[in-house]
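Trainee: So here's final23.txt (compact mmCIF, C-alpha atoms).
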```
# COMPACT_ATOMS: atom_id res chain seq x y z
CA MET A 1 -40.02 -120.73 94.97
CA ARG A 2 -36.63 -120.75 93.22
CA SER A 3 -38.31 -119.96 89.85
CA SER A 4 -40.30 -117.15 91.47
CA ASN A 5 -37.17 -115.61 92.96
CA LEU A 6 -35.35 -115.79 89.66
CA LYS A 7 -38.22 -114.04 87.91
CA SER A 8 -38.25 -111.37 90.59
CA LEU A 9 -34.55 -110.83 90.09
CA ARG A 10 -35.00 -110.50 86.32
CA LEU A 11 -37.85 -108.02 86.74
CA GLY A 12 -35.81 -105.90 89.13
CA THR A 13 -32.80 -106.00 86.82
CA VAL A 14 -34.86 -104.86 83.82
CA ALA A 15 -36.39 -101.97 85.77
CA LEU A 16 -33.04 -100.91 87.16
CA GLY A 17 -31.47 -101.00 83.70
CA VAL A 18 -34.22 -98.80 82.28
CA ALA A 19 -33.93 -96.33 85.18
CA PHE A 20 -30.16 -96.02 84.87
CA CYS A 21 -30.41 -95.66 81.10
CA PHE A 22 -32.66 -92.63 81.55
CA ALA A 23 -30.52 -91.19 84.36
CA THR A 24 -27.22 -91.36 82.50
CA THR A 25 -28.38 -90.26 79.09
CA ALA A 26 -30.80 -87.49 79.96
CA VAL A 27 -28.02 -84.93 80.23
CA TYR A 28 -26.72 -85.31 76.70
CA ALA A 29 -29.02 -87.51 74.64
CA GLN A 30 -31.52 -84.75 73.91
CA ASN A 31 -28.92 -82.81 71.87
CA TYR A 32 -27.30 -85.73 70.09
CA ASP A 33 -28.01 -87.09 66.64
CA ASP A 34 -29.47 -90.45 65.68
CA PRO A 35 -27.70 -92.83 65.22
CA ALA A 36 -26.10 -91.72 68.48
CA LEU A 37 -22.53 -92.00 69.65
CA GLY A 38 -22.04 -94.81 72.14
CA GLN A 39 -24.96 -96.90 70.94
CA GLN A 40 -24.54 -100.16 69.09
CA PRO A 41 -24.57 -99.44 65.32
CA VAL A 42 -27.26 -102.07 64.83
CA VAL A 43 -29.96 -102.78 67.42
CA SER A 44 -29.84 -106.55 66.84
CA GLN A 45 -28.27 -108.60 64.09
CA PRO A 46 -29.84 -111.83 62.83
CA GLN A 47 -28.17 -114.85 64.41
CA ASP A 48 -26.51 -115.92 61.15
CA TYR A 49 -24.92 -112.46 60.77
CA LYS A 50 -23.81 -111.68 64.32
CA PRO A 51 -20.13 -110.69 64.56
CA LEU A 52 -18.16 -113.43 66.30
CA GLY A 53 -15.56 -111.16 67.89
CA PHE A 54 -12.46 -112.66 69.40
CA ARG A 55 -11.50 -113.82 72.86
CA ALA A 56 -8.97 -112.01 75.02
CA GLY A 57 -8.67 -113.95 78.25
CA SER A 58 -12.08 -113.90 79.92
CA PHE A 59 -13.43 -111.16 77.63
CA MET A 60 -15.01 -111.09 74.21
CA LEU A 61 -13.89 -108.10 72.12
CA HIS A 62 -15.89 -106.57 69.26
CA PRO A 63 -13.98 -103.81 67.43
CA GLY A 64 -15.62 -101.96 64.56
CA VAL A 65 -15.86 -98.77 62.55
CA GLU A 66 -18.59 -96.90 60.70
CA LEU A 67 -17.94 -94.71 57.67
CA ALA A 68 -20.94 -92.44 57.21
CA VAL A 69 -22.16 -89.63 54.98
CA ASP A 70 -24.85 -87.32 56.35
CA TYR A 71 -26.74 -84.75 54.26
CA ASN A 72 -28.40 -81.99 56.30
CA ASP A 73 -30.62 -79.40 54.55
CA ASN A 74 -30.56 -76.95 57.49
CA VAL A 75 -27.22 -77.24 59.29
CA PHE A 76 -27.79 -74.04 61.31
CA TYR A 77 -31.29 -75.08 62.42
CA SER A 78 -32.68 -71.72 61.36
CA TYR A 79 -36.24 -70.54 60.85
CA GLN A 80 -35.48 -69.25 57.35
CA ASN A 81 -32.53 -68.92 54.94
CA GLU A 82 -31.65 -72.59 55.44
CA GLN A 83 -28.14 -73.71 54.48
CA SER A 84 -27.38 -77.31 53.51
CA ASP A 85 -24.18 -79.29 53.81
CA THR A 86 -22.76 -82.79 53.60
CA ILE A 87 -21.00 -84.17 56.67
CA PHE A 88 -18.52 -87.06 56.61
CA HIS A 89 -18.16 -89.23 59.72
CA VAL A 90 -15.61 -91.77 60.90
CA ARG A 91 -16.88 -93.67 63.94
CA PRO A 92 -14.53 -96.26 65.43
CA TYR A 93 -15.58 -98.25 68.49
CA ILE A 94 -14.72 -101.31 70.54
CA THR A 95 -16.76 -103.25 73.08
CA ALA A 96 -15.38 -105.66 75.69
CA GLN A 97 -17.77 -108.01 77.51
CA SER A 98 -16.82 -110.37 80.29
CA THR A 99 -17.64 -114.08 80.07
CA TRP A 100 -17.50 -114.79 83.80
CA SER A 101 -19.89 -117.35 85.28
CA ARG A 102 -20.68 -114.87 88.06
CA HIS A 103 -20.53 -111.09 88.02
CA SER A 104 -20.29 -109.08 84.80
CA PHE A 105 -18.31 -106.21 83.33
CA SER A 106 -18.46 -104.37 80.01
CA LEU A 107 -16.45 -101.55 78.51
CA ARG A 108 -17.25 -99.50 75.41
CA LEU A 109 -15.13 -96.90 73.68
CA ALA A 110 -16.41 -94.92 70.71
CA ALA A 111 -15.64 -91.77 68.75
CA ASP A 112 -17.30 -89.65 66.09
CA VAL A 113 -15.03 -87.50 63.95
CA ALA A 114 -17.19 -85.28 61.72
CA ARG A 115 -16.08 -83.04 58.86
CA TYR A 116 -18.37 -80.62 57.00
CA ALA A 117 -17.84 -80.22 53.26
CA ASP A 118 -18.64 -76.47 53.20
CA PHE A 119 -19.05 -75.14 56.76
CA ASP A 120 -15.88 -76.60 58.27
CA ILE A 121 -16.26 -74.29 61.26
CA ARG A 122 -18.89 -76.78 62.45
CA ASP A 123 -16.42 -79.73 62.47
CA TYR A 124 -16.29 -81.68 65.72
CA GLU A 125 -14.77 -84.70 67.45
CA ASP A 126 -16.78 -86.56 70.09
CA TYR A 127 -15.48 -89.30 72.38
CA PHE A 128 -17.28 -91.77 74.59
CA VAL A 129 -16.00 -94.19 77.24
CA THR A 130 -18.37 -96.10 79.49
CA ALA A 131 -17.81 -99.00 81.84
CA GLU A 132 -20.41 -100.85 83.86
CA GLY A 133 -20.65 -104.04 85.82
CA LYS A 134 -22.45 -106.00 88.48
CA PHE A 135 -21.42 -108.12 91.45
CA ASP A 136 -23.68 -110.95 92.63
CA PHE A 137 -22.92 -111.92 96.21
CA ALA A 138 -24.50 -113.46 99.28
CA ALA A 139 -27.23 -115.16 97.24
CA ARG A 140 -29.73 -112.29 97.19
CA ASN A 141 -27.56 -109.20 96.90
CA THR A 142 -26.36 -107.35 93.81
CA LEU A 143 -24.08 -104.35 93.51
CA GLY A 144 -23.93 -102.46 90.22
CA TYR A 145 -21.54 -99.73 89.16
CA ARG A 146 -20.95 -97.45 86.19
CA PHE A 147 -18.35 -94.94 84.99
CA ASP A 148 -18.71 -92.47 82.10
CA ILE A 149 -16.13 -90.26 80.41
CA LEU A 150 -17.50 -88.24 77.49
CA GLN A 151 -16.51 -85.33 75.31
CA LEU A 152 -19.52 -84.20 73.29
CA HIS A 153 -20.77 -81.12 71.47
CA GLU A 154 -23.97 -79.11 71.42
CA ASP A 155 -25.51 -78.64 68.02
CA LEU A 156 -27.43 -75.53 67.05
CA ASN A 157 -30.76 -77.24 67.68
CA SER A 158 -30.19 -76.57 71.39
CA ARG A 159 -32.26 -73.55 72.43
CA ASP A 160 -31.73 -73.57 76.21
CA SER A 161 -28.21 -72.08 76.05
CA GLU A 162 -26.26 -69.45 74.12
CA GLN A 163 -24.58 -70.92 71.03
CA GLY A 164 -21.54 -69.73 69.06
CA ILE A 165 -20.43 -70.11 65.46
CA GLU A 166 -18.45 -73.22 66.43
CA PRO A 167 -19.95 -76.20 68.28
CA THR A 168 -19.92 -75.83 72.06
CA VAL A 169 -17.74 -78.65 73.39
CA TYR A 170 -18.49 -80.05 76.83
CA ASN A 171 -17.13 -82.86 78.98
CA LEU A 172 -19.14 -85.16 81.18
CA LEU A 173 -17.71 -87.32 83.96
CA GLY A 174 -20.12 -89.66 85.63
CA ALA A 175 -20.23 -92.47 88.14
CA GLY A 176 -22.98 -94.52 89.70
CA LEU A 177 -23.56 -97.20 92.31
CA ASN A 178 -26.67 -99.22 92.97
CA TYR A 179 -27.36 -101.90 95.56
CA ASP A 180 -30.30 -104.30 95.72
CA HIS A 181 -31.31 -106.89 98.28
CA TYR A 182 -33.96 -109.48 97.44
CA PHE A 183 -36.23 -111.06 100.03
CA ASN A 184 -38.92 -113.58 99.06
CA ARG A 185 -41.30 -111.12 97.46
CA LEU A 186 -39.92 -107.81 98.66
CA SER A 187 -36.78 -106.16 97.31
CA LEU A 188 -35.09 -102.97 98.50
CA GLY A 189 -32.57 -100.92 96.61
CA ALA A 190 -30.51 -97.75 96.79
CA ALA A 191 -28.69 -95.85 94.05
CA LEU A 192 -26.24 -92.97 93.92
CA ASP A 193 -25.43 -91.10 90.71
CA TRP A 194 -22.89 -88.29 90.22
CA ARG A 195 -22.17 -86.15 87.15
CA GLN A 196 -19.75 -83.33 86.45
CA LEU A 197 -20.29 -81.10 83.40
CA THR A 198 -17.70 -78.61 82.11
CA TYR A 199 -18.19 -76.41 79.01
CA ASP A 200 -15.61 -74.81 76.75
CA ASP A 201 -15.80 -71.14 75.78
CA VAL A 202 -16.85 -70.49 72.20
CA LEU A 203 -16.71 -67.62 69.70
CA GLY A 204 -20.03 -65.83 69.26
CA GLU A 205 -21.52 -64.49 66.06
CA ASP A 206 -20.65 -60.94 67.16
CA GLY A 207 -16.96 -61.83 67.40
CA ASN A 208 -16.91 -61.87 71.21
CA ILE A 209 -16.08 -64.91 73.32
CA ILE A 210 -19.03 -66.60 75.03
CA ASP A 211 -17.83 -67.47 78.53
CA ASN A 212 -19.43 -70.79 79.43
CA GLU A 213 -17.77 -71.25 82.82
CA ASP A 214 -21.03 -70.34 84.52
CA ARG A 215 -22.53 -73.56 83.09
CA ASP A 216 -19.96 -75.83 84.80
CA ARG A 217 -21.69 -77.81 87.53
CA ASN A 218 -21.85 -80.96 89.63
CA GLN A 219 -25.02 -82.97 90.00
CA MET A 220 -25.78 -85.60 92.62
CA LEU A 221 -28.80 -87.92 92.63
CA ALA A 222 -29.65 -90.37 95.41
CA SER A 223 -32.66 -92.67 95.32
CA LEU A 224 -34.36 -95.44 97.29
CA LYS A 225 -36.61 -98.07 95.77
CA ALA A 226 -38.95 -100.71 97.20
CA SER A 227 -40.52 -103.42 95.04
CA TYR A 228 -43.09 -106.08 95.86
CA GLN A 229 -43.76 -109.08 93.63
CA PHE A 230 -47.47 -109.76 93.97
CA LYS A 231 -47.55 -112.19 91.03
CA THR A 232 -44.92 -114.35 89.41
CA ASP A 233 -44.54 -111.98 86.47
CA LYS A 234 -45.64 -108.68 88.03
CA GLN A 235 -43.95 -106.40 90.52
CA ALA A 236 -45.10 -103.06 91.98
CA PHE A 237 -42.48 -100.48 92.93
CA LEU A 238 -42.14 -97.12 94.65
CA THR A 239 -39.10 -94.86 94.19
CA PHE A 240 -38.04 -91.71 96.01
CA GLY A 241 -35.10 -89.61 94.87
CA TRP A 242 -33.29 -86.45 95.93
CA ASP A 243 -30.99 -84.40 93.72
CA GLU A 244 -28.71 -81.41 94.13
CA THR A 245 -26.94 -79.20 91.57
CA GLU A 246 -24.00 -76.98 92.48
CA TYR A 247 -22.42 -74.57 89.99
CA ASP A 248 -18.71 -73.74 90.01
CA GLN A 249 -19.49 -70.02 89.78
CA PRO A 250 -21.84 -68.57 92.39
CA ILE A 251 -23.38 -66.06 89.92
CA ASP A 252 -24.09 -66.74 86.23
CA ARG A 253 -23.95 -64.37 83.25
CA ASN A 254 -27.43 -63.07 84.03
CA GLY A 255 -26.79 -62.37 87.71
CA PHE A 256 -28.57 -65.47 89.05
CA HIS A 257 -27.45 -67.95 91.69
CA ARG A 258 -28.56 -71.19 90.02
CA ASP A 259 -27.66 -73.79 92.67
CA SER A 260 -30.72 -75.94 93.28
CA SER A 261 -32.08 -79.02 94.99
CA GLY A 262 -35.14 -81.12 94.44
CA TYR A 263 -36.84 -84.46 94.74
CA PHE A 264 -39.03 -86.87 92.86
CA ILE A 265 -41.35 -89.70 93.80
CA SER A 266 -42.76 -92.27 91.42
CA GLY A 267 -44.65 -95.53 91.52
CA GLY A 268 -45.38 -98.13 88.93
CA LEU A 269 -45.33 -101.69 87.73
CA ASN A 270 -42.75 -104.05 86.24
CA PHE A 271 -44.21 -106.90 84.23
CA THR A 272 -43.59 -109.74 81.82
CA ILE A 273 -46.41 -111.09 79.66
CA THR A 274 -45.64 -114.48 78.05
CA SER A 275 -42.12 -113.23 77.18
CA LEU A 276 -43.66 -111.11 74.39
CA LEU A 277 -44.07 -107.89 76.38
CA ILE A 278 -41.64 -106.89 79.10
CA GLY A 279 -40.95 -103.56 80.77
CA ASP A 280 -42.25 -101.06 83.26
CA VAL A 281 -44.67 -98.14 83.50
CA SER A 282 -44.80 -95.45 86.19
CA VAL A 283 -46.09 -92.02 87.12
CA GLY A 284 -44.27 -89.53 89.33
CA TYR A 285 -43.95 -86.01 90.65
CA HIS A 286 -40.78 -83.89 90.27
CA LYS A 287 -39.90 -80.60 92.00
CA ARG A 288 -36.78 -78.41 92.09
CA GLU A 289 -36.17 -75.22 94.08
CA TYR A 290 -33.39 -72.67 93.50
CA ASP A 291 -31.21 -70.78 95.94
CA ASP A 292 -31.91 -67.50 94.14
CA PRO A 293 -35.31 -66.08 95.17
CA GLN A 294 -35.72 -64.62 91.67
CA LEU A 295 -35.83 -68.13 90.22
CA GLU A 296 -39.23 -69.73 90.51
CA SER A 297 -39.34 -73.42 91.44
CA VAL A 298 -40.03 -75.97 88.68
CA ASP A 299 -42.35 -78.92 89.19
CA GLY A 300 -44.47 -81.31 87.19
CA ILE A 301 -46.14 -84.69 87.00
CA GLY A 302 -44.28 -87.01 84.66
CA LEU A 303 -44.71 -90.43 83.12
CA GLY A 304 -42.09 -93.14 82.80
CA ALA A 305 -41.98 -96.30 80.72
CA GLY A 306 -39.61 -98.71 79.08
CA LEU A 307 -41.36 -101.37 77.03
CA SER A 308 -40.24 -104.07 74.61
CA TRP A 309 -42.87 -105.97 72.62
CA SER A 310 -42.26 -108.81 70.12
CA PRO A 311 -45.52 -109.39 68.24
CA THR A 312 -43.70 -111.86 65.96
CA GLN A 313 -40.28 -113.48 65.88
CA LEU A 314 -39.30 -110.98 63.16
CA THR A 315 -40.62 -107.76 64.69
CA THR A 316 -39.65 -105.84 67.82
CA VAL A 317 -41.36 -102.71 69.11
CA ARG A 318 -39.66 -100.55 71.73
CA ALA A 319 -41.37 -97.65 73.49
CA SER A 320 -40.16 -95.31 76.21
CA VAL A 321 -41.31 -92.27 78.14
CA SER A 322 -39.07 -90.18 80.37
CA SER A 323 -39.65 -86.94 82.29
CA GLY A 324 -37.43 -84.65 84.28
CA ILE A 325 -36.32 -81.12 85.14
CA GLU A 326 -33.48 -79.67 83.04
CA ASP A 327 -31.12 -76.73 83.58
CA THR A 328 -30.87 -73.64 81.40
CA THR A 329 -28.79 -70.46 81.23
CA SER A 330 -31.66 -68.45 79.79
CA ALA A 331 -32.08 -65.02 81.39
CA ASP A 332 -35.85 -65.51 81.37
CA ALA A 333 -36.27 -68.99 82.92
CA SER A 334 -35.32 -70.95 86.03
CA GLY A 335 -35.34 -74.27 84.21
CA TYR A 336 -37.76 -76.41 82.29
CA PHE A 337 -39.76 -79.61 82.67
CA ARG A 338 -39.19 -81.94 79.73
CA THR A 339 -41.05 -85.09 78.70
CA LEU A 340 -39.83 -87.31 75.88
CA TYR A 341 -41.94 -89.98 74.18
CA SER A 342 -40.26 -92.34 71.72
CA LEU A 343 -41.21 -95.36 69.66
CA ARG A 344 -39.03 -97.61 67.50
CA VAL A 345 -40.02 -100.60 65.36
CA ASP A 346 -37.51 -103.07 63.89
CA HIS A 347 -38.55 -105.71 61.38
CA GLU A 348 -36.47 -108.44 59.76
CA LEU A 349 -37.74 -108.41 56.17
CA LEU A 350 -35.11 -110.93 55.07
CA ARG A 351 -32.53 -112.82 57.08
CA ASN A 352 -29.98 -110.15 56.17
CA LEU A 353 -32.26 -107.13 55.64
CA GLN A 354 -33.55 -105.17 58.62
CA LEU A 355 -36.02 -102.28 58.40
CA SER A 356 -36.71 -99.75 61.16
CA GLY A 357 -39.01 -96.85 61.89
CA ARG A 358 -38.67 -94.20 64.62
CA LEU A 359 -41.00 -91.59 66.06
CA SER A 360 -40.47 -89.26 69.02
CA TYR A 361 -42.02 -86.19 70.57
CA SER A 362 -40.62 -83.96 73.30
CA ASP A 363 -42.35 -81.19 75.21
CA SER A 364 -40.37 -78.63 77.25
CA ASP A 365 -42.21 -76.23 79.56
CA TYR A 366 -40.05 -73.35 80.83
CA GLN A 367 -40.59 -71.75 84.23
CA SER A 368 -40.29 -67.98 83.75
CA VAL A 369 -38.31 -65.89 86.23
CA VAL A 370 -39.82 -62.96 88.09
CA GLY A 371 -40.20 -60.06 85.67
CA ALA A 372 -39.63 -62.09 82.48
CA PRO A 373 -40.65 -60.02 79.43
CA PRO A 374 -43.71 -60.97 77.37
CA GLY A 375 -42.89 -63.37 74.58
CA SER A 376 -39.96 -64.98 76.41
CA ARG A 377 -39.49 -68.69 75.90
CA SER A 378 -42.17 -70.74 77.62
CA ASN A 379 -42.62 -73.90 75.53
CA ASP A 380 -40.69 -75.90 72.93
CA GLN A 381 -42.05 -78.93 71.11
CA ILE A 382 -40.02 -81.23 68.87
CA TRP A 383 -41.38 -83.92 66.58
CA ARG A 384 -38.96 -86.38 65.04
CA ALA A 385 -39.55 -89.23 62.61
CA GLY A 386 -37.25 -91.51 60.68
CA ILE A 387 -36.95 -94.69 58.67
CA GLY A 388 -33.92 -96.83 58.01
CA MET A 389 -32.55 -100.10 56.71
CA ASN A 390 -29.50 -102.26 57.35
CA TYR A 391 -28.29 -104.84 54.87
CA PHE A 392 -25.87 -107.43 56.29
CA ILE A 393 -23.36 -108.59 53.69
CA ASN A 394 -21.76 -111.08 56.07
CA ARG A 395 -20.86 -111.36 59.75
CA TRP A 396 -18.42 -108.47 59.66
CA MET A 397 -19.83 -106.00 57.10
CA PHE A 398 -23.10 -104.15 56.67
CA VAL A 399 -24.49 -101.14 54.80
CA GLY A 400 -27.21 -98.86 56.05
CA ALA A 401 -29.36 -95.97 54.92
CA SER A 402 -31.76 -93.78 56.89
CA TYR A 403 -33.84 -90.62 56.71
CA ASP A 404 -34.66 -88.36 59.65
CA PHE A 405 -37.08 -85.42 59.88
CA GLN A 406 -37.17 -82.97 62.77
CA ASP A 407 -39.71 -80.20 63.37
CA MET A 408 -39.31 -77.79 66.28
CA SER A 409 -42.06 -75.33 67.21
CA THR A 410 -41.91 -72.73 69.97
CA ASN A 411 -43.73 -69.70 71.30
CA VAL A 412 -40.68 -67.53 70.44
CA ALA A 413 -41.24 -65.75 67.14
CA ASN A 414 -39.12 -66.94 64.17
CA ASP A 415 -37.21 -69.46 66.27
CA GLY A 416 -38.58 -72.81 65.08
CA TYR A 417 -36.95 -74.99 62.44
CA LYS A 418 -37.44 -77.95 60.15
CA VAL A 419 -34.58 -80.26 59.23
CA ASN A 420 -34.29 -83.17 56.81
CA ARG A 421 -31.29 -85.49 57.12
CA ALA A 422 -30.24 -88.50 55.05
CA TRP A 423 -27.57 -91.00 56.10
CA LEU A 424 -25.50 -93.61 54.26
CA VAL A 425 -23.37 -95.93 56.41
CA LEU A 426 -20.79 -98.60 55.69
CA GLY A 427 -19.99 -100.60 58.83
CA PHE A 428 -17.37 -103.17 59.75
CA GLU A 429 -17.35 -105.16 62.99
CA LYS A 430 -15.30 -108.15 64.03
```
Take the structure in the file and give it back as structure tokens.
Mentor:
Amino acid sequence: MRSSNLKSLRLGTVALGVAFCFATTAVYAQNYDDPALGQQPVVSQPQDYKPLGFRAGSFMLHPGVELAVDYNDNVFYSYQNEQSDTIFHVRPYITAQSTWSRHSFSLRLAADVARYADFDIRDYEDYFVTAEGKFDFAARNTLGYRFDILQLHEDLNSRDSEQGIEPTVYNLLGAGLNYDHYFNRLSLGAALDWRQLTYDDVLGEDGNIIDNEDRDRNQMLASLKASYQFKTDKQAFLTFGWDETEYDQPIDRNGFHRDSSGYFISGGLNFTITSLLIGDVSVGYHKREYDDPQLESVDGIGLGAGLSWSPTQLTTVRASVSSGIEDTTSADASGYFRTLYSLRVDHELLRNLQLSGRLSYSDSDYQSVVGAPPGSRSNDQIWRAGIGMNYFINRWMFVGASYDFQDMSTNVANDGYKVNRAWLVLGFEK
């Protein structure tokens, strides 16, 4: 029975981690580049080349920095008349991880300072601070928490908002709590997630200031989850969530009152198969309604998944699917339902040479407002593919190279784009 309970706890922890990953990153990950700020620079180092870090009391610290060069053949993400540029990045970071026998806490700070060789008006500085932890108490109870402080930018590949000649800078504050109680086979959980988004004004191409205050908003998400372990390595779950979005300004630039509320319900399965395949799959229904009667409600059936498969000791395959309703300031749409599918393969060709391949596809369906003109935005599709390699010189130094291709198609005439990007990275980590 003890082994069964431990497996149930692990399954629940994996599912919860996947769910919170999607919840916290959905707001900003769709507009951020790969490799992304806040992620580990390398998915997993070979054991002989893992940085050792250094101890500070009951924490292990891992400081590092990446020096990167990024060539982009279409920096303005335009349909035609593409302009290329070379971007130089400095990306310092530090991670602190507790070594406590019970409970856990981790802190990560990262930055990305980017400078364009030709179009310096596109320069930006992004910052990322995240802290998360877990308390284990009373034998079968866990309490998790998370805090996020981010300053990020929107690149010109974002089509659901008005963009200026400089990057639109926005700040995200976030916090989350989740509680789980484990019975013999049944577990019950509750989660609360809060986010605040604030956007800076930016200079438009016509020389006028784009006032982004009508995009500032607070979002609250509450959810309940029940799981039942019907086999040692399999667990069924059902989740219900409710969300609410409140904007700082009652009326946006297009005369709409965009406050909204909605819900989602999903059910699925967590599983572990001989330690080679672990993860979860689910299907759910999402719906959001708006306070303004001119804004049609948005709904859709979405899939969810977070899978990790190790066909060999040298190869890891990770797949994910996430769906949800996103906000927009478009004059012609209430919002849009977005589904993202992604696949990543990592292979250890040599002990110190790691190869990777990435493929993703996103589909965004916009809900038109009453009286939207013909030809207004209704669907965007983005394909993305990339390959990369990391060569580990020793425990504290590595070099990397990658190539990324992005193809965006849309029903809006002359609004798609194709982008090729090449990266070179020199990384140091203690």
Trainee: Between CA of Asn420 (chain A) and CA of Gly64 (chain A), what is the distance in Å, rounded to a tenth?
Mentor: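 Spanning CA of Asn420 (chain A) to CA of Gly64 (chain A) is a straight-line distance of 27.6 Å.
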Trainee: Could you check the closest approach to Gln381 (chain A) for each of A:Ser362, A:Gln163, A:Asn394, A:Thr130 and tell me which residue wins, using all atoms listed in the file?
Mentor: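 Of the candidates, the smallest distance to Gln381 (chain A) is held by A:Ser362.
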Trainee: Could you check how far CA of Arg338 (chain A) sits from CA of His286 (chain A), in Å to one decimal?
Mentor: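 For CA of Arg338 (chain A) relative to CA of His286 (chain A), the distance reads 10.8 Å.
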Trainee: So the first atom is CA of Met389 (chain A) and the second is CA of Leu359 (chain A); what is the distance between them in Å, to one decimal place?
Mentor: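 Interatomic distance, CA of Met389 (chain A) to CA of Leu359 (chain A): 15.2 Å.
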Trainee: Would you mind telling me which residue in A:Asp243, A:Glu154, A:Asp123, A:Asp216 lies nearest to Trp194 (chain A) when using only C-alpha atoms?
Mentor: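 Looking only at the distances to Trp194 (chain A), the closest residue turns out to be A:Asp243.
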Trainee: Pick out the closest residue to Asp365 (chain A) from this set: A:Tyr403, A:Ile278, A:Trp309, A:Asp160. Count all atoms listed in the file.
Mentor: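 Of A:Tyr403, A:Ile278, A:Trp309, A:Asp160, the one nearest Asp365 (chain A) is A:Asp160, counting all atoms listed in the file.
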Trainee: From the set A:Ile301, A:Leu156, A:Leu238, A:Leu172, which residue has the shortest atom-to-atom contact distance to Ala190 (chain A), counting only C-alpha atoms?
Mentor: A:Leu238
Trainee: At a cut-off of 7 Å from (-41.8, -83.6, 85.9) in the coordinates of the file, what residues are picked up using all atoms listed in the file, written as a short mmCIF file (atom, residue, chain, number, x, y, z; two decimals) with C-alpha atoms, in the frame of the given file?
Mentor:
```cif
data_model
loop_
_atom_site.label_atom_id
_atom_site.label_comp_id
_atom_site.auth_asym_id
_atom_site.auth_seq_id
_atom_site.Cartn_x
_atom_site.Cartn_y
_atom_site.Cartn_z
CA TYR A 285 -43.95 -86.01 90.65
CA HIS A 286 -40.78 -83.89 90.27
CA ASP A 299 -42.35 -78.92 89.19
CA GLY A 300 -44.47 -81.31 87.19
CA ILE A 301 -46.14 -84.69 87.00
CA GLY A 302 -44.28 -87.01 84.66
CA SER A 323 -39.65 -86.94 82.29
CA GLY A 324 -37.43 -84.65 84.28
CA ILE A 325 -36.32 -81.12 85.14
CA PHE A 337 -39.76 -79.61 82.67
CA ARG A 338 -39.19 -81.94 79.73
#
```
Trainee: Rank nothing, just name the residue among A:Phe230, A:Tyr71, A:Trp100, A:Phe105 nearest to Ala117 (chain A), using all atoms listed in the file.
Mentor: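 Of A:Phe230, A:Tyr71, A:Trp100, A:Phe105, the one nearest Ala117 (chain A), counting all atoms listed in the file, is A:Tyr71.
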Trainee: Using all atoms listed in the file, pick whichever of A:Ala401, A:Ile209, A:Ile265, A:Val65 has the shortest atom-to-atom distance to Phe428 (chain A).
Mentor: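 Using all atoms listed in the file, the shortest distance to Phe428 (chain A) belongs to A:Val65.
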Trainee: Show me a table, sorted first by chain and then by increasing residue number, of the residues of region 313-429 of chain A having an atom at most 10 Å from region 76-79 of chain A, each with its shortest atom pair and the distance in Å to one decimal, counting only C-alpha atoms and written as CSV.
Mentor:
```
residue,atom,partner,partner_atom,distance
A:Gln406,CA,A:Tyr77,CA,9.8
A:Asp407,CA,A:Tyr77,CA,9.9
A:Met408,CA,A:Tyr77,CA,9.3
A:Ser409,CA,A:Tyr79,CA,9.9
A:Ala413,CA,A:Tyr79,CA,9.4
A:Asn414,CA,A:Tyr79,CA,5.7
A:Asp415,CA,A:Tyr79,CA,5.6
A:Gly416,CA,A:Tyr79,CA,5.3
A:Tyr417,CA,A:Tyr79,CA,4.8
A:Lys418,CA,A:Tyr77,CA,7.2
A:Val419,CA,A:Tyr77,CA,6.9
```
Trainee: Kindly save the residues from that selection, with C-alpha atoms included, as a PDB file, in the coordinates of the input.
Mentor:
```pdb
ATOM      1  CA  GLN A 406     -37.170 -82.970  62.770  1.00  0.00           C
ATOM      2  CA  ASP A 407     -39.710 -80.200  63.370  1.00  0.00           C
ATOM      3  CA  MET A 408     -39.310 -77.790  66.280  1.00  0.00           C
ATOM      4  CA  SER A 409     -42.060 -75.330  67.210  1.00  0.00           C
ATOM      5  CA  ALA A 413     -41.240 -65.750  67.140  1.00  0.00           C
ATOM      6  CA  ASN A 414     -39.120 -66.940  64.170  1.00  0.00           C
ATOM      7  CA  ASP A 415     -37.210 -69.460  66.270  1.00  0.00           C
ATOM      8  CA  GLY A 416     -38.580 -72.810  65.080  1.00  0.00           C
ATOM      9  CA  TYR A 417     -36.950 -74.990  62.440  1.00  0.00           C
ATOM     10  CA  LYS A 418     -37.440 -77.950  60.150  1.00  0.00           C
ATOM     11  CA  VAL A 419     -34.580 -80.260  59.230  1.00  0.00           C
TER      12      VAL A 419
END
```
Trainee: I'd like the contact shell of region 346-348 of chain A - 9 Å cut-off, all atoms listed in the file, skipping same-chain residues fewer than 4 positions apart - returned as a PyMOL selection string.
Mentor: chain A and resi 43-44+46+313-318+352-358
Trainee: For the residues in the current selection, export C-alpha atoms as a tab-separated table (two decimals), in the coordinates of the input.
Mentor:
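Writing done, so here's result-v4.tsv:
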```tsv
chain	number	residue	atom	x	y	z
A	43	VAL	CA	-29.96	-102.78	67.42
A	44	SER	CA	-29.84	-106.55	66.84
A	46	PRO	CA	-29.84	-111.83	62.83
A	313	GLN	CA	-40.28	-113.48	65.88
A	314	LEU	CA	-39.30	-110.98	63.16
A	315	THR	CA	-40.62	-107.76	64.69
A	316	THR	CA	-39.65	-105.84	67.82
A	317	VAL	CA	-41.36	-102.71	69.11
A	318	ARG	CA	-39.66	-100.55	71.73
A	352	ASN	CA	-29.98	-110.15	56.17
A	353	LEU	CA	-32.26	-107.13	55.64
A	354	GLN	CA	-33.55	-105.17	58.62
A	355	LEU	CA	-36.02	-102.28	58.40
A	356	SER	CA	-36.71	-99.75	61.16
A	357	GLY	CA	-39.01	-96.85	61.89
A	358	ARG	CA	-38.67	-94.20	64.62
```
